[in-house]
Amino acid sequence: MNMQSNMDIHGERSLTITRVLKAPRDLVWETWTQINHLKEWWGPERFTTPVMEGEVRKGGELRIVMRGPKGSPWDKDLPMVMRFREVVPGKKLVFENEPLGPSGEKLIEGLTTVTFDDHPDGTLVVMTTDAKALTEPALTMIEGMNQGWAQTFDKLARYVTKNL
Amino acid sequence: MDRLSETFQALADPTRRAILARLALGENSVNQLAEPFDMSLPAVSKHLKVLERAGLISRTREAQYRPCKLEPQNLKPVDEWLDDFRTLWEARLDRLDGYLKKLQRRDPKRTKRAR
């Protein structure tokens, strides 16, 4: 496993995650583009994905609701929408990822590109996200509220690091 | 607009990122900053104002040529956000890794590459 993030002030505010998955490329592609598969891995360990609907195709979108472990602070609906800008079968996905707030508002503008390549051990997945902007509702939540979704998102990431 | 949102917007422009990159090497006057760009002084000043408002640079009021200085500590919130985002995706990919193993155990034919 190889992680790399580029947070240099000389470049853009972007992030790259590189991973080799031990499975053939066609199977990896299916897990990224078919709803029945996406539902199984979208949430981190012990999270569930009660809603995963829509279609992975150019111009299409996925509406997703993720839920944290029972009794944890994330035991509530965590909605988001992914909008697909580019879909090159077996090779590449480009999507806007927009975690949604409790009332469906857009919180983060980010553009993510995922490429899939054959690798001696399986499939090389390279994911790059450019953080474009935080929207007004996100900022209000981050700075003003203690229980906002944006903070939930931060806590979730930290929880995942500590508990897995 | 809030500080964090301003920071993101300030970073969204390639000229402004180039200005920051130059300032990472040390203080510069507006004239020095304008040099490498095919741009008028007022245009460069406008970019500097955006960067200043976002708290990414500061300009001293003492010297007459008002040199610009990088304020890197204000980039931290952006990095923190990206860090959280990365953590979530790493966890997701861990889960995918396990799921792919399960799928292949269930159907060993899927371990072979389709041609």
# chains A, B, ... in the order shown; residues from 1 in each chain; ligands from 1
>>> residues_around(residues="Ser45 (chain B)", least_positions_apart="6", cutoff="12 Å", atoms="only C-alpha atoms", output="PyMOL selection string")
chain B and resi 15-16+19+29-34+39+51-52+59+66-68
>>> write_last_selection(atoms="N, CA and C atoms", output="compact mmCIF listing (two decimals), in the first residue's frame")
# COMPACT_ATOMS: atom_id res chain seq x y z
N THR B 15 -2.31 31.85 -11.15
CA THR B 15 -1.39 32.98 -10.94
C THR B 15 -1.14 33.18 -9.46
N ARG B 16 -2.21 33.10 -8.67
CA ARG B 16 -2.04 33.31 -7.23
C ARG B 16 -1.20 32.20 -6.60
N ILE B 19 2.31 33.05 -7.35
CA ILE B 19 2.77 34.13 -6.45
C ILE B 19 3.16 33.55 -5.10
N SER B 29 8.74 42.48 -3.50
CA SER B 29 7.93 43.68 -3.71
C SER B 29 6.91 43.37 -4.81
N VAL B 30 5.91 44.21 -4.95
CA VAL B 30 4.91 44.01 -6.00
C VAL B 30 5.58 43.98 -7.37
N ASN B 31 6.54 44.88 -7.58
CA ASN B 31 7.24 44.92 -8.86
C ASN B 31 7.97 43.61 -9.15
N GLN B 32 8.65 43.09 -8.12
CA GLN B 32 9.37 41.82 -8.28
C GLN B 32 8.41 40.69 -8.60
N LEU B 33 7.23 40.72 -7.95
CA LEU B 33 6.24 39.66 -8.16
C LEU B 33 5.64 39.74 -9.56
N ALA B 34 5.50 40.95 -10.07
CA ALA B 34 4.86 41.14 -11.38
C ALA B 34 5.77 40.67 -12.52
N MET B 39 1.59 40.64 -17.03
CA MET B 39 0.42 41.25 -16.40
C MET B 39 0.75 42.64 -15.91
N LEU B 51 -5.18 37.46 -1.97
CA LEU B 51 -4.33 36.64 -1.09
C LEU B 51 -4.24 37.23 0.31
N GLU B 52 -4.19 38.55 0.36
CA GLU B 52 -4.08 39.23 1.64
C GLU B 52 -5.36 39.05 2.46
N ARG B 59 1.40 42.27 4.09
CA ARG B 59 2.23 43.32 3.49
C ARG B 59 2.57 44.33 4.57
N ARG B 66 6.39 48.30 0.34
CA ARG B 66 5.48 47.34 0.96
C ARG B 66 5.69 45.89 0.53
N PRO B 67 6.80 45.28 0.94
CA PRO B 67 7.06 43.90 0.53
C PRO B 67 5.98 42.92 1.02
N CYS B 68 5.75 41.88 0.21
CA CYS B 68 4.75 40.85 0.57
C CYS B 68 5.45 39.67 1.21
>>> closest_residue(among="A:Thr113, A:Thr31, A:Ser72, A:Asn36", to="Arg85 (chain A)", atoms="only C-alpha atoms")
A:Thr113
>>> closest_residue(among="A:Arg67, A:Lys91, A:Lys58, A:Arg19", to="chain B", atoms="only C-alpha atoms")
A:Arg19
>>> closest_residue(among="A:Gly68, A:Arg63, A:Val114, A:Pro50", to="Val94 (chain A)", atoms="only C-alpha atoms")
A:Val114
>>> residues_around(residues="Ala10 (chain B)", least_positions_apart="4", cutoff="9 Å", atoms="only C-alpha atoms", output="PyMOL selection string")
chain B and resi 5-6+16-17+47+50-51+53-54+56
>>> write_last_selection(atoms="C-alpha atoms", output="compact mmCIF listing (two decimals), in the first residue's frame")
# COMPACT_ATOMS: atom_id res chain seq x y z
CA SER B 5 -13.80 29.79 1.96
CA GLU B 6 -11.59 32.72 1.04
CA ARG B 16 -2.04 33.31 -7.23
CA ARG B 17 -0.52 29.89 -6.60
CA HIS B 47 -4.37 39.11 -6.95
CA VAL B 50 -7.27 38.44 -2.70
CA LEU B 51 -4.33 36.64 -1.09
CA ARG B 53 -7.80 39.02 2.43
CA ALA B 54 -7.51 35.24 2.67
CA LEU B 56 -2.22 33.89 2.99
>>> select_by_dssp(residues="chain B", states="helix (DSSP H, G or I)", output="ChimeraX atom specification")
/B:3-11,14-23,30-34,41-53,72-106,108-111
>>> closest_residue(among="B:Leu75, B:Leu96, B:Leu70, B:Leu23", to="chain A", atoms="only C-alpha atoms")
B:Leu96
